[in-house]
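First the structure, in the form of structure tokens, and then the observations on it.
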Amino acid sequence: MFGHFFKNRSDGVEKYLPNLVSWNGGGFDLPVLNYRSLINKVSSSIYFDMGENNSDFKWNNYLNRYHQRHIDLMDVLSGYQLKGRASLDQIASMLGFPGKLGMSGDKVWSCWLNNGINKIRNYCETDVLNTYLVFLRFEYLRGNLDQSGLKEEFELVRTSIDAEKKEHFDEFLSSWEV
């Protein structure tokens with residue numbers, strides 16, 4: 001995954017320059033990518049560029065906290081304050097989304113040791129869904145989606161995951177209150 005995201009210039013970060021959206025990505029996900037890239041000798045000049053090679057990245061890059069190329073929703077919504085932070089599970093549940101459904105990051109290692117890779121994958125997939133749903137509400141909050149657009153996006157998520165016919169997605173859908 002790490003090598004593909006960074007190194008494959010035909011369909012990775014170098015080609016598409018995606019905006020990244022995360023929950024605590026600055027505190028966890030990006031450092032994991034950085035360290036794993038060091039270990040696996042994976043490089044990406046654009047990911048680490050802060051304006052040296054591409055002037056567009058001076059004020060909007062992946063690494064600096066207040067830029068839009070990586071939106072860490074927990075950081076932004078807490079006003080960049082430690083005291084204001086809440087967990088993804090808390091926010092997702094508060095908004096009527098399923099939340100963690102019994103699994104959490106602190107259980108991943110023991111799950112791995114017990115050959116629970118499928119359970120970990122399912123947890124990560126539903127974590128991404130929760131993050132995306134919170135992001136859609138954030139887009140509504142900042143005026144990038146109106147009520148109709150938000151409803152349409154939610155329906156697209158519902159129909160897309162329903163079409164997958166996977167047990168953990170069925171549980172996710174049945175737990176989604178909205």
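Naming works like this for the structure tokens: A, B, ... for the chains as they're shown, residue 1 at the start of each chain, ligands 1 onward in shown order.
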Inset, instruction - Might you pull out every residue within 9 Å of region 70-73 of chain A, with only C-alpha atoms counted and same-chain residues fewer than 3 positions away left off, and present them as a PyMOL selection string? - result: chain A and resi 18-27+60-67+76-78+131+134-135+138
Legend entry - Test item, helix (DSSP H, G or I) assignment across region 19-72 of chain A, answer as a PyMOL selection string: chain A and resi 25-40+45-48+55-57
Inset, instruction - Fewer than 5 positions away in the same chain doesn't count, so skip those; otherwise give me all residues within 10 Å of Tyr47 (chain A), counting only C-alpha atoms, as a ChimeraX atom specification. - result: /A:6,13-14,17,34,57,61-63,69
Inset, instruction - Would you mind reading off the distance between CA of Ser104 (chain A) and CA of Leu33 (chain A), one decimal, in Å? - result: 19.6 Å
Contacts of Phe154 (chain A) at 12 Å (only C-alpha atoms; same-chain gap of 6+ positions) as a compact mmCIF listing (two decimals) with C-alpha atoms, in the first residue's frame:
```txt
# COMPACT_ATOMS: atom_id res chain seq x y z
CA PHE A 97 -23.48 7.30 12.10
CA LEU A 129 -16.89 5.21 5.97
CA ASN A 130 -17.40 7.00 9.30
CA TYR A 132 -16.21 10.12 5.01
CA LEU A 133 -19.68 10.66 6.47
CA VAL A 134 -18.27 13.13 9.00
CA PHE A 135 -16.42 14.82 6.13
CA LEU A 136 -19.69 15.19 4.22
CA ARG A 137 -21.25 16.88 7.26
CA TYR A 140 -22.24 20.95 4.64
CA LEU A 145 -22.90 21.08 0.18
CA GLN A 147 -29.16 19.99 2.27
CA SER A 148 -30.09 18.39 -1.06
CA SER A 160 -22.70 1.79 -2.83
CA ILE A 161 -22.04 -0.14 0.36
CA LEU A 173 -26.10 0.22 7.35
CA TRP A 176 -26.83 4.16 10.61
CA GLU A 177 -29.60 6.27 12.14
CA VAL A 178 -29.72 9.06 9.56
```
Inset, instruction - Please return as a ChimeraX atom specification: the residues of region 4-103 of chain A that backbone DSSP assigns to strand (DSSP E or B). - result: /A:20-22,70-72
Inset, instruction - Could you tell me which of A:Ser175, A:Gly149, A:Glu167, A:Lys15 comes closest to Ala92 (chain A) if we count only C-alpha atoms? - result: A:Ser175
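Shortest atom-to-atom contact with Lys100 (chain A) among A:Leu82, A:Met50, A:Val128, A:Leu113: A:Val128, counting only C-alpha atoms.
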